[in-house]
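The structure appears below as structure tokens.
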Amino acid sequence: MYSTKYHKPASIADATAALTAGEDATILAGGQTLLATMKQHLASPSDLVDIRAIDGLSDISADGNVLTIGAAATHTAVASSAVVRDVCPALADLASGIGDPAVRNVGTIGGSVANNDPAADYPAAMLALGATIVTNTREITADDFFEGLFSTALEDGEIITAVKITAPAKAAYAKFPQPASLFALVGVFVADGAGGVRVAVTGAGEDGVFRQGAMESALGANWSAGALDGVAASQDGLMSDMHGAADYRAHLIAVMAKRAVSAA
Amino acid sequence: MSTGIGARVKRKEDKRFTTGKGKYTDDIRNDNQAYAAFVRSTHAHANIKGIDASAALAMDGVIEVLDGHQLTGDGIGNIICGWAVTSKDGSPMNMGAWSALATSKARYVGDAIAVVIAETQAQARIAAEAVVVDYEELPAIAHVMKAMAEDAPNIHENAPGNLIYDWELGDEALADAGLASATHITTLDLTNNRLSPNPMEPRVAIATYDDAEEHYTLHTTSQNPHVARLLLSAFYQVAPENKLRVIAPDVGGGFGAKIYVYPEEITCLWASMRTNRSIKWTSDRSEAFLTDAHGRDHVTTAKMGFDDNHKIVGFKVDTVANLGAYMSLFSSSVPTYLYATLLSGQYNIQNLHCNVRTYYTNTVPVDAYRGAGRPEATYVMERMMETAARELDMDPAELRRINFIQTFPHQTPMLMAYDAGDFPKILEMAQDAADIAGFAARKTEAAGRGKLRGIGYSTFIEACGLAPSQAAGSLGAGVGLWESAEVRVNPVGSIEILTGSHSHGQGHETTFAQIVADRFDIPIESVSIVHGDTDKVQFGMGTYGSRSAPVGMSAVVKAMDKVEAKVKKIAAHTLEAAEEDIVIEGGQVKVAGTDKAMGWHEVGLAAYIAHNLPEGMEPGLKETAFFDPVNFSFPSGAFICEVEVDPDTGVTEIIKFTAADDFGTIINPMIVEGQVHGGVTQGIGQALLEQVVYDDDGQLLTGSYMDYTMPRAADIPFFDVSHHETPSPNNPLGVKGCGEAGAIGSPPAVINAITDAIGNNNLAMPATPQAVWRAIQATKSVAAE
Amino acid sequence: MTTVNMTVNGKAVSGNIPDNTLLSEFLRENLRLTGTHIGCDTSQCGACVVHINGMPVKSCSTLAVSLDGAEVLTIEGLTKGGKDAELHPMQVAFNDNHGLQCGFCTPGMIMTGIDMVKRYKAEGKDLTSDAIRAELEGNICRCTGYHNIVKSIEDAATKM
């Protein structure tokens with residue numbers, strides 16, 4: 001690993017200052033992806049700004065039917081939170097299936113959302129639930145936030161502080177893991193929530209997470225697995241690699257969507 | 001509780017491993033430690049026009065950058081393949097030159113070109129990236145079927161058409177005649193997928209040169225430290241044997257990958273002399289994928305003919321094997337003498353022929369991986385039998401039974417003389433344990449849940465206990481394959497066993513102690529095993545090919561024979577009795593039928609005090625023996641796999657895996673079962689999950705656990721393992737070896753089960769969900785036509 | 001370089017280390033606690049699992065400097081050591097059930113096993129063999145085929 005300078009700010013202001021001061025500074029929110037990337041010399045940030053000690057950034061709370069999850073909340077915290085379980089159990093279930101137990105104890109929701117790995121689980125939930133991504137400067141809707149592979153609407157120096165989710169009437173996530181990495185080969189999050197009926201797909205898209213319009217229409221008319229019969233997912237824009245060609249991924253989107261609807 | 005032969009003795013070595021006190025090579029750090037990082041080719045095939053190390057040499061902590069011209073200039077020899085295979089036209093195999101650091105040409109991605117020595121590992125790795133290699137890129141061959149194309153680029157000058165050898169075994173005319181007489185012929189095209197062995201401990205080497213003594217010490221992750229020393233000394237000219245000590249301490253798994261001497265050990269030893277520092281190199285997992293020898297990678301066409309009685313009347317096999325960019329130590333023997341020789345399986349086949357062509361490609365060298373040749377042979381054989389049974393509309397177990405060899409010894413037409421076995425018995429045991437009778441009901445029940453259930457067999461045989469030396473020599477082996485042991489009885493009666501076998505997970509510290517405790521009827525705690533150090537152990541050929549029990553333990557037995565003879569002489573002399581009346585039991589050496597006795601420890605003491613020994617007897621009680629068996633041993637087994645396939649996703653779940661094995665005499669059933677569990681899991685890995693993938697340019701796509709699928713706990717069922725013992729007559733314990741059986745027998749059982757479930761026999765390994773789903777779709781489209 | 005203080009296996013330790021030092025490196029190289037192993041570089045094999053503040057974590061994917069004030073437990077800390085020192089029930093169970101062969105993955109398996117047993121007990125959940133297999137998602141073993149690892153953890157669960 002190349003040398004780097006570690007910072008552990010106690011406030012957002014200090015974090016912003018460190019991010020701005022560093023030549024090529026980046027946020028360390030859990031590091032379960034970042035540190036592996038650095039070990040392989042694929043990333044070499046001059047400064048790491050660890051945001052986990054910032055007061056309140058790991059809090060999980062609900063205000064009525066609106067859930068707020070601090071960016072530094074670990075996957076384990078989300079999975080085991082009674083508040084999350086109460087407001088949006090599908091999200092707790094999703095968190096309990098990310099990585100493995102040791103990774104879940106360190107990886108965070110903010111880190112996952114900011115990284116926008118095309119095979120990560122959280123982006124599907126954010127998009128399907130119509131979540132709001134809260135940063136130190138503004139609030140961004142999930143629709144506007146995820147811009148493509150590892151790409152988001154975040155500006156330089158901008159820090160995610162929380163995500164906000166309105167309780168859906170129904171929601172569930174079904175993941176088909178890539179056999180080696182156990183990331184999503186195809187993950188489908190279905191929700192009947194604040195943004196209406198939504199179907200968000202991760203793992204499969206060449207540009208990262210996306211909404212599956214035909215399935216949303218079918219489910220909007222009739223929320224049942226049967227409503228998806230004959231609604232094929234298009235192969236256009238889907239990834240093809242050794243673990244799954246586009247046609248297989250398209251097929252799995254349909255299968256996982258039905259399984260998610262049945263579970264919701 | 002008994003600690004003798006056949007007892008489930010808990011492992012003596014476990015405490016250090018469960019408390020974090022194991023001493024693996026990477027746990028060692030010497031004074032004067034420096035670290036090595038290798039500059040590796042980023043191209044699969046390229047001429048090396050120049051190397052510019054100036055930037056790297058200027059970096060923090062960098063001590064030295066060394067390249068292949070300096071290495072060969074110092075007289076370090078090329079890496080060799082130790083088994084000469086002769087083509088059927090009588091020409092020798094075409095062994096290409098392999099320098100530990102490539103000088104003029106890089107032949108695979110990862111080929112070592114230079115080494116950076118620095119004060120820290122991080123400094124060495126960063127500086128290695130700063131070494132600039134000027135490449136002239138050449139077209140590359142990533143797949144073996146492209147190596148033989150007329151316009152294929154040439155990888156080694158002395159291997160025209162990239163052919164290494166074109167070899168055959170058996171009688172082609174007889175096989176052709178047999179096939180011509182057949183009333184049914186089954187034909188199969190099969191690929192045996194390329195695998196990466198992946199012991200959990202990556203390779204490590206620590207080389208330490210002592211300038212005052214002009215002596216080298218190498219700590220390394222080796223399965224056979226003496227063979228490593230022999231190669232490093234006699235062939236690679238690093239140092240004479242008396243100036244080179246090789247130590248393989250605790251080793252975290254091998255599976256074949258740690259048999260060989262790799263470029264890194266040679267380079268570190270030489271660099272240690274050049275820099276007068278102790279040099280440590282630790283592979284990370286990415287480097288392991290790039291450089292550890294791979295396994296398998298065969299493409300085969302096979303034809304089997306049956307007569308009206310469903311007896312096999314002819315069998316022809318044509319195999320193309322990929323040996324990678326260079327010929328690794330045992331590479332030539334794997335697709336020949338370890339493969340074709342086993343193509344008779346458990347069956348009485350007289351008309352048999354196998355042709356094998358091996359080629360260079362721009363990929364990592366391919367060599368022995370757990371099973372080595374025998375899994376490939378078993379896969380051909382057992383896919384063939386299951387396919388034939390389906391075509392003949394027969395019970396696959398019945399087709400096998402009809403063709404089983406019934407009497408022993410049995411001479412096959414493929415060199416092998418099987419020692420002992422009872423194939424119908426182990427098949428019956430497996431069928432009972434797998435509840436074959438209840439399968440139809442289970443299939444119906446699964447169908448009710450929308451799942452496809454299938455069952456598959458594999459009845460297999462393997463040649464183990466590599467040995468015998470003379471036979472191996474006549475087939476081209478460069479070394480003898482015996483084993484040595486020393487039994488050292490201390491003055492107080494405790495015993496040290498020095499063995500040339502090496503334990504890297506097999507539990508030798510327990511099982512070797514068991515045979516000694518059993519023989520001399522003494523507490524197992526008073527027996528210790530010494531291995532893995534060329535300065536301590538007389539010599540040894542190491543551990544691979546399931547040889548530690550049949551060969552290594554047999555050497556211990558021979559040495560114990562000598563110890564016992566001397567003990568009896570001393571006791572007879574002391575107790576004034578006849579030697580033939582002396583018995584050893586209960587910690588005593590007694591005169592049978594009397595109350596005259598000496599304690600075991602008293603005999604040891606008498607031997608060393610030497611005040612009163614028989615006339616002319618040398619003092620001391622320490623004996624050495626070398627054991628060279630007259631034949632291989634032939635473990636056999638019957639495996640049955642039951643699977644359930646989800647037709648919506650193609651996911652296969654292994655519902656039950658039954659293994660009935662004949663390993664001859666079993667020393668410790670607990671450890672033998674553990675070997676079966678692990679071996680079968682690696683076979684399931686091959687069948688369902690694992691595959692090394694290169695792109696067309698020779699870039700490795702499966703370079704980490706993110707893309708190479710290792711079996712995980714949730715992929716694997718509990719196993720039903722049972723044993724039937726027909727002792728081998730070829731060694732004193734009657735043992736046959738158990739390390740490889742699981743990996744050898746299981747892949748066809750799994751694929752036979754899945755193809756049974758989905759009703760499509762056209763399915764290649766690994767049967768990933770995508771592959772199975774496609775096979776199901778193909779069945780549906782055929783049904784729709 | 002940053003000075004970090006933490007408690008490792010009950011003892012206060014400190015080190016002045018480069019900021020990019022991974023916890024696994026700090027344990028192995030600075031403290032010479034070599035029972036924590038490195039089997040991969042993509043945080044999947046689990047040979048490096050230790051407990052930080054009571055939770056299992058992959059020490060190869062955690063910066064040591066981020067752990068100022070933390071309590072770390074490694075495989076070496078499960079028993080106080082010395083002749084006749086009592087082993088942790090999970091360590092005993094791995095020996096009783098032949099849950100290890102080469103031993104390289106074993107420290108991570110044991111640390112992961114202890115956590116899952118504690119967690120399931122605390123939550124009142126039944127730690128079935130299927131649950132054990134699912135919980136072992138982040139721990140790879142190449143030797144045992146997991147059969148006896150699962151048996152070991154099941155056995156230890158009855159004794160912890």
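Just remember, in the structure tokens the first chain shown is A, the second B, etc., residues are 1-based per chain, and ligands are 1-based in the order shown.
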- Message: Please identify all residues of chain B having at least one atom at most 7 Å from any atom of chain C, considering only C-alpha atoms, and return them as a ChimeraX atom specification.
- Response: /B:10-11,14,17-21,27,199-202,251-253,284-285,504-507,674,677-678,681,705,712-714,718
When the cut-off is 8 Å and we count only C-alpha atoms, which residues of chain B are near chain A, given as number ranges by chain? B: 122, 126, 648-649, 689, 705-710, 770
Same residues, N, CA, C and O atoms, output as a compact mmCIF listing (two decimals), in the first residue's frame:
# COMPACT_ATOMS: atom_id res chain seq x y z
N ALA B 122 6.54 -3.24 1.62
CA ALA B 122 5.81 -2.20 0.91
C ALA B 122 6.74 -1.45 -0.05
O ALA B 122 6.39 -1.18 -1.19
N ILE B 126 6.27 -1.33 -4.13
CA ILE B 126 6.09 -0.06 -4.83
C ILE B 126 7.20 0.13 -5.87
O ILE B 126 6.95 0.53 -7.00
N ASP B 648 -35.42 -22.49 -12.33
CA ASP B 648 -35.59 -21.06 -12.59
C ASP B 648 -34.25 -20.34 -12.65
O ASP B 648 -34.09 -19.36 -13.38
N THR B 649 -33.29 -20.80 -11.84
CA THR B 649 -32.01 -20.09 -11.76
C THR B 649 -30.83 -20.94 -12.21
O THR B 649 -29.74 -20.42 -12.45
N LEU B 689 -17.97 -25.09 -9.28
CA LEU B 689 -17.61 -23.71 -8.99
C LEU B 689 -16.35 -23.19 -9.65
O LEU B 689 -16.27 -22.04 -10.05
N TYR B 705 -10.23 -14.03 -5.34
CA TYR B 705 -11.45 -14.70 -4.87
C TYR B 705 -12.71 -13.93 -5.26
O TYR B 705 -13.82 -14.39 -5.01
N MET B 706 -12.54 -12.77 -5.88
CA MET B 706 -13.71 -12.06 -6.40
C MET B 706 -14.24 -12.75 -7.66
O MET B 706 -15.40 -12.56 -8.04
N ASP B 707 -13.38 -13.50 -8.34
CA ASP B 707 -13.80 -14.14 -9.60
C ASP B 707 -13.55 -15.64 -9.65
O ASP B 707 -14.16 -16.33 -10.47
N TYR B 708 -12.61 -16.14 -8.85
CA TYR B 708 -12.38 -17.59 -8.79
C TYR B 708 -13.19 -18.11 -7.61
O TYR B 708 -12.98 -17.72 -6.46
N THR B 709 -14.14 -18.99 -7.88
CA THR B 709 -15.09 -19.38 -6.84
C THR B 709 -14.55 -20.53 -6.00
O THR B 709 -14.42 -21.66 -6.49
N MET B 710 -14.23 -20.24 -4.77
CA MET B 710 -13.82 -21.28 -3.83
C MET B 710 -15.06 -21.88 -3.18
O MET B 710 -16.02 -21.17 -2.89
N GLN B 770 -25.37 -20.51 -14.33
CA GLN B 770 -25.60 -20.09 -15.72
C GLN B 770 -25.50 -21.28 -16.68
O GLN B 770 -26.33 -21.45 -17.57
Exercise. Mind the document's chain letters and residue numbers, and return as a PyMOL selection string the residues of segment 185-242 of chain A that DSSP labels strand (DSSP E).
Key: chain A and resi 185-193+196-202+210-211
Shortest contact to chain A, candidates C:Thr128, C:Thr21, C:Ser152, C:Thr7, atoms counted only C-alpha atoms, goes to C:Thr21
List every residue of chain A that has an atom at most 12 Å from any atom of chain C, giving for each one its closest atom pair and the distance in Å to one decimal, counting only C-alpha atoms, sorted by chain and then by ascending residue number, as a tab-separated table.
residue	atom	partner	partner_atom	distance
A:Met1	CA	C:Asn20	CA	6.9
A:Tyr2	CA	C:Asn20	CA	7.4
A:Ser3	CA	C:Asn20	CA	5.8
A:Thr4	CA	C:Asn20	CA	5.9
A:Lys5	CA	C:Asp19	CA	5.8
A:Tyr6	CA	C:Asp19	CA	5.7
A:His7	CA	C:Ser66	CA	8.7
A:Lys8	CA	C:Ser66	CA	7.6
A:Pro9	CA	C:Ser66	CA	11.3
A:Leu28	CA	C:Ser66	CA	10.0
A:Ala29	CA	C:Ser66	CA	11.1
A:Gly30	CA	C:Thr62	CA	8.2
A:Gly31	CA	C:Ser61	CA	6.9
A:Gln32	CA	C:Ser61	CA	6.1
A:Thr33	CA	C:Thr42	CA	8.4
A:Leu34	CA	C:Ser61	CA	8.8
A:Leu35	CA	C:Ser61	CA	5.9
A:Ala36	CA	C:Thr42	CA	5.6
A:Thr37	CA	C:Thr42	CA	8.3
A:Met38	CA	C:Asn20	CA	9.4
A:Lys39	CA	C:Asp41	CA	7.3
A:Gln40	CA	C:Asp41	CA	7.7
A:His41	CA	C:Asp41	CA	11.3
A:Ser44	CA	C:Asn20	CA	10.4
A:Pro45	CA	C:Asn20	CA	10.6
A:Ser46	CA	C:Asn20	CA	10.6
A:Asp47	CA	C:Asp19	CA	9.6
A:Leu48	CA	C:Asp19	CA	9.2
A:Val49	CA	C:Ser66	CA	10.3
A:Asp50	CA	C:Ser66	CA	7.8
A:Ile51	CA	C:Ser66	CA	10.6
A:Arg52	CA	C:Ser66	CA	9.5
A:Ala53	CA	C:Ser66	CA	9.7
A:Thr76	CA	C:Met55	CA	10.2
A:Ala77	CA	C:Met55	CA	11.9
A:Ser80	CA	C:Glu123	CA	10.4
A:Ser96	CA	C:Glu135	CA	10.8
A:Gly97	CA	C:Ala134	CA	10.0
A:Ile98	CA	C:Glu137	CA	10.6
A:Gly99	CA	C:Gly138	CA	7.5
A:Asp100	CA	C:Gly138	CA	5.1
A:Pro101	CA	C:Glu135	CA	6.8
A:Ala102	CA	C:Val57	CA	4.4
A:Val103	CA	C:Val57	CA	6.5
A:Arg104	CA	C:Val57	CA	8.6
A:Asn105	CA	C:Val57	CA	6.6
A:Val106	CA	C:Val57	CA	7.1
A:Gly107	CA	C:Val57	CA	10.1
A:Pro177	CA	C:Glu137	CA	12.0
A:Pro179	CA	C:Glu137	CA	11.4
A:Ala180	CA	C:Gln44	CA	9.6
A:Ser181	CA	C:Gln44	CA	8.0
A:Leu182	CA	C:Glu137	CA	8.9
A:Phe183	CA	C:Gln44	CA	11.5
Go ahead and save the picked residues with N, CA and C atoms, as a short mmCIF file (atom, residue, chain, number, x, y, z; two decimals), in the first residue's frame.
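Saved result, again_2.cif, follows:
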data_model
loop_
_atom_site.label_atom_id
_atom_site.label_comp_id
_atom_site.auth_asym_id
_atom_site.auth_seq_id
_atom_site.Cartn_x
_atom_site.Cartn_y
_atom_site.Cartn_z
N MET A 1 0.84 -1.19 0.00
CA MET A 1 0.00 0.00 0.00
C MET A 1 0.88 1.24 0.00
N TYR A 2 0.49 2.22 -0.79
CA TYR A 2 1.21 3.49 -0.79
C TYR A 2 0.93 4.22 0.53
N SER A 3 1.84 5.12 0.89
CA SER A 3 1.65 5.83 2.15
C SER A 3 0.46 6.77 2.03
N THR A 4 -0.12 7.06 3.18
CA THR A 4 -1.29 7.93 3.22
C THR A 4 -1.32 8.59 4.59
N LYS A 5 -2.10 9.65 4.70
CA LYS A 5 -2.21 10.35 5.99
C LYS A 5 -3.63 10.15 6.51
N TYR A 6 -3.71 9.67 7.74
CA TYR A 6 -5.01 9.36 8.33
C TYR A 6 -5.51 10.52 9.18
N HIS A 7 -6.78 10.85 9.02
CA HIS A 7 -7.41 11.90 9.84
C HIS A 7 -8.66 11.32 10.48
N LYS A 8 -8.92 11.74 11.71
CA LYS A 8 -10.15 11.29 12.37
C LYS A 8 -10.87 12.51 12.94
N PRO A 9 -11.52 13.28 12.07
CA PRO A 9 -12.16 14.51 12.53
C PRO A 9 -13.36 14.21 13.44
N LEU A 28 -12.89 7.85 4.38
CA LEU A 28 -12.88 6.46 4.84
C LEU A 28 -14.12 6.27 5.71
N ALA A 29 -15.07 5.49 5.20
CA ALA A 29 -16.32 5.33 5.92
C ALA A 29 -16.43 3.94 6.56
N GLY A 30 -15.60 3.03 6.13
CA GLY A 30 -15.60 1.67 6.62
C GLY A 30 -14.39 0.97 6.02
N GLY A 31 -14.18 1.27 4.76
CA GLY A 31 -12.95 0.84 4.10
C GLY A 31 -12.98 -0.57 3.58
N GLN A 32 -14.14 -1.23 3.60
CA GLN A 32 -14.16 -2.63 3.19
C GLN A 32 -13.94 -2.80 1.70
N THR A 33 -14.18 -1.75 0.94
CA THR A 33 -13.78 -1.76 -0.47
C THR A 33 -12.49 -0.97 -0.67
N LEU A 34 -12.45 0.21 -0.04
CA LEU A 34 -11.33 1.14 -0.28
C LEU A 34 -9.98 0.54 0.10
N LEU A 35 -9.91 -0.10 1.26
CA LEU A 35 -8.60 -0.60 1.70
C LEU A 35 -8.11 -1.74 0.81
N ALA A 36 -9.02 -2.58 0.35
CA ALA A 36 -8.61 -3.65 -0.57
C ALA A 36 -8.09 -3.04 -1.87
N THR A 37 -8.73 -1.99 -2.31
CA THR A 37 -8.30 -1.31 -3.53
C THR A 37 -6.91 -0.69 -3.34
N MET A 38 -6.71 -0.11 -2.17
CA MET A 38 -5.40 0.49 -1.88
C MET A 38 -4.31 -0.59 -1.77
N LYS A 39 -4.65 -1.72 -1.18
CA LYS A 39 -3.66 -2.80 -1.06
C LYS A 39 -3.18 -3.24 -2.43
N GLN A 40 -4.09 -3.24 -3.39
CA GLN A 40 -3.72 -3.69 -4.74
C GLN A 40 -3.14 -2.56 -5.58
N HIS A 41 -2.84 -1.43 -4.92
CA HIS A 41 -2.25 -0.28 -5.61
C HIS A 41 -3.18 0.28 -6.69
N SER A 44 -4.56 5.32 -4.41
CA SER A 44 -3.48 5.79 -3.53
C SER A 44 -3.80 7.19 -3.03
N PRO A 45 -4.87 7.33 -2.24
CA PRO A 45 -5.25 8.65 -1.74
C PRO A 45 -4.14 9.22 -0.83
N SER A 46 -3.96 10.51 -0.94
CA SER A 46 -2.94 11.15 -0.10
C SER A 46 -3.39 11.20 1.35
N ASP A 47 -4.70 11.35 1.54
CA ASP A 47 -5.27 11.49 2.88
C ASP A 47 -6.53 10.64 3.00
N LEU A 48 -6.70 10.04 4.15
CA LEU A 48 -7.93 9.32 4.45
C LEU A 48 -8.64 10.05 5.58
N VAL A 49 -9.87 10.44 5.32
CA VAL A 49 -10.63 11.17 6.33
C VAL A 49 -11.71 10.24 6.88
N ASP A 50 -11.45 9.76 8.08
CA ASP A 50 -12.32 8.77 8.71
C ASP A 50 -13.48 9.52 9.37
N ILE A 51 -14.68 9.30 8.86
CA ILE A 51 -15.83 10.08 9.36
C ILE A 51 -16.61 9.36 10.46
N ARG A 52 -16.09 8.21 10.90
CA ARG A 52 -16.89 7.40 11.82
C ARG A 52 -16.96 7.94 13.25
N ALA A 53 -16.03 8.85 13.57
CA ALA A 53 -16.04 9.38 14.94
C ALA A 53 -16.87 10.65 15.06
N THR A 76 -24.26 -4.10 10.04
CA THR A 76 -24.75 -4.84 11.21
C THR A 76 -25.72 -3.98 12.00
N ALA A 77 -25.40 -2.68 12.16
CA ALA A 77 -26.28 -1.79 12.91
C ALA A 77 -27.64 -1.68 12.22
N SER A 80 -29.63 -4.98 12.50
CA SER A 80 -30.12 -5.35 13.84
C SER A 80 -30.91 -4.23 14.50
N SER A 96 -28.56 -7.37 6.19
CA SER A 96 -28.08 -8.62 6.80
C SER A 96 -27.49 -9.57 5.76
N GLY A 97 -27.65 -9.21 4.49
CA GLY A 97 -27.10 -10.08 3.45
C GLY A 97 -25.91 -9.48 2.71
N ILE A 98 -25.42 -8.34 3.19
CA ILE A 98 -24.27 -7.73 2.53
C ILE A 98 -22.99 -8.40 3.03
N GLY A 99 -22.10 -8.74 2.13
CA GLY A 99 -20.79 -9.27 2.54
C GLY A 99 -20.93 -10.45 3.47
N ASP A 100 -20.12 -10.45 4.52
CA ASP A 100 -20.18 -11.51 5.52
C ASP A 100 -20.19 -10.85 6.89
N PRO A 101 -20.39 -11.61 7.96
CA PRO A 101 -20.56 -10.97 9.27
C PRO A 101 -19.43 -10.00 9.64
N ALA A 102 -18.19 -10.37 9.36
CA ALA A 102 -17.08 -9.50 9.75
C ALA A 102 -17.06 -8.22 8.92
N VAL A 103 -17.41 -8.34 7.66
CA VAL A 103 -17.47 -7.16 6.79
C VAL A 103 -18.63 -6.25 7.22
N ARG A 104 -19.74 -6.87 7.58
CA ARG A 104 -20.92 -6.07 7.99
C ARG A 104 -20.65 -5.26 9.26
N ASN A 105 -19.72 -5.75 10.07
CA ASN A 105 -19.42 -5.01 11.30
C ASN A 105 -18.64 -3.72 11.05
N VAL A 106 -18.12 -3.56 9.84
CA VAL A 106 -17.27 -2.40 9.56
C VAL A 106 -17.83 -1.56 8.41
N GLY A 107 -18.34 -2.22 7.38
CA GLY A 107 -18.86 -1.50 6.23
C GLY A 107 -20.07 -0.66 6.62
N PRO A 177 -26.54 -14.13 -5.89
CA PRO A 177 -25.14 -13.74 -5.75
C PRO A 177 -24.26 -14.21 -6.90
N PRO A 179 -21.22 -16.07 -7.87
CA PRO A 179 -20.77 -17.18 -7.02
C PRO A 179 -19.44 -16.94 -6.30
N ALA A 180 -18.52 -16.21 -6.90
CA ALA A 180 -17.21 -16.04 -6.26
C ALA A 180 -17.23 -14.92 -5.23
N SER A 181 -17.63 -13.74 -5.67
CA SER A 181 -17.54 -12.58 -4.78
C SER A 181 -18.71 -12.49 -3.81
N LEU A 182 -19.81 -13.12 -4.17
CA LEU A 182 -21.07 -13.06 -3.44
C LEU A 182 -21.70 -11.66 -3.46
N PHE A 183 -21.14 -10.75 -4.25
CA PHE A 183 -21.85 -9.51 -4.57
C PHE A 183 -23.07 -9.91 -5.42
#
message = Rounded to one decimal, what separation in Å do you get between atom CA of Ala368 of chain B and atom CA of Leu195 of chain B?
response =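 Interatomic distance, atom CA of Ala368 of chain B to atom CA of Leu195 of chain B: 10.6 Å.
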- [ ] May I ask for the distance between atom CA of Ala182 of chain B and atom CA of Ala388 of chain B, given in Å to one decimal place?
- [x]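 Interatomic distance here is 12.7 Å.
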So that I can check the surroundings of Glu216 of chain A, please list as an mmCIF file with all heavy atoms, in the first residue's frame every protein, DNA and RNA residue that reaches within 7 Å of it, counting only C-alpha atoms and ignoring chain neighbours fewer than 3 positions away.
data_model
loop_
_atom_site.group_PDB
_atom_site.id
_atom_site.type_symbol
_atom_site.label_atom_id
_atom_site.label_comp_id
_atom_site.auth_asym_id
_atom_site.auth_seq_id
_atom_site.Cartn_x
_atom_site.Cartn_y
_atom_site.Cartn_z
ATOM 1 N N VAL A 197 -44.871 2.548 -7.040
ATOM 2 C CA VAL A 197 -44.321 1.203 -7.195
ATOM 3 C C VAL A 197 -43.029 1.300 -7.975
ATOM 4 O O VAL A 197 -43.005 1.867 -9.070
ATOM 5 C CB VAL A 197 -45.327 0.276 -7.905
ATOM 6 C CG1 VAL A 197 -44.650 -1.044 -8.276
ATOM 7 C CG2 VAL A 197 -46.540 0.028 -7.029
ATOM 8 N N ARG A 198 -41.980 0.766 -7.371
ATOM 9 C CA ARG A 198 -40.679 0.835 -8.037
ATOM 10 C C ARG A 198 -39.964 -0.517 -8.011
ATOM 11 O O ARG A 198 -40.086 -1.272 -7.044
ATOM 12 C CB ARG A 198 -39.778 1.871 -7.367
ATOM 13 C CG ARG A 198 -40.182 3.306 -7.660
ATOM 14 C CD ARG A 198 -39.135 4.240 -7.108
ATOM 15 N NE ARG A 198 -39.359 5.602 -7.575
ATOM 16 C CZ ARG A 198 -38.407 6.541 -7.571
ATOM 17 N NH1 ARG A 198 -37.188 6.256 -7.137
ATOM 18 N NH2 ARG A 198 -38.677 7.753 -8.007
ATOM 19 N N VAL A 199 -39.257 -0.772 -9.071
ATOM 20 C CA VAL A 199 -38.425 -1.974 -9.173
ATOM 21 C C VAL A 199 -37.023 -1.509 -9.546
ATOM 22 O O VAL A 199 -36.826 -0.946 -10.625
ATOM 23 C CB VAL A 199 -38.964 -2.937 -10.259
ATOM 24 C CG1 VAL A 199 -38.038 -4.146 -10.413
ATOM 25 C CG2 VAL A 199 -40.395 -3.385 -9.940
ATOM 26 N N GLN A 212 -36.631 -0.752 -13.466
ATOM 27 C CA GLN A 212 -37.166 -1.612 -14.509
ATOM 28 C C GLN A 212 -38.615 -1.176 -14.769
ATOM 29 O O GLN A 212 -39.534 -1.569 -14.038
ATOM 30 C CB GLN A 212 -37.092 -3.070 -14.024
ATOM 31 C CG GLN A 212 -36.640 -4.065 -15.068
ATOM 32 C CD GLN A 212 -37.605 -4.154 -16.245
ATOM 33 O OE1 GLN A 212 -38.778 -3.825 -16.128
ATOM 34 N NE2 GLN A 212 -37.086 -4.605 -17.376
ATOM 35 N N GLY A 213 -38.792 -0.351 -15.771
ATOM 36 C CA GLY A 213 -40.081 0.309 -15.998
ATOM 37 C C GLY A 213 -41.230 -0.639 -16.287
ATOM 38 O O GLY A 213 -42.327 -0.476 -15.738
ATOM 39 N N LEU A 219 -46.613 -4.147 -11.917
ATOM 40 C CA LEU A 219 -46.888 -4.240 -10.484
ATOM 41 C C LEU A 219 -47.771 -3.087 -10.015
ATOM 42 O O LEU A 219 -48.542 -3.240 -9.065
ATOM 43 C CB LEU A 219 -45.573 -4.256 -9.691
ATOM 44 C CG LEU A 219 -44.715 -5.509 -9.839
ATOM 45 C CD1 LEU A 219 -43.378 -5.313 -9.127
ATOM 46 C CD2 LEU A 219 -45.434 -6.748 -9.297
ATOM 47 N N GLY A 220 -47.656 -1.954 -10.667
ATOM 48 C CA GLY A 220 -48.508 -0.825 -10.308
ATOM 49 C C GLY A 220 -49.970 -1.153 -10.547
ATOM 50 O O GLY A 220 -50.846 -0.763 -9.771
#
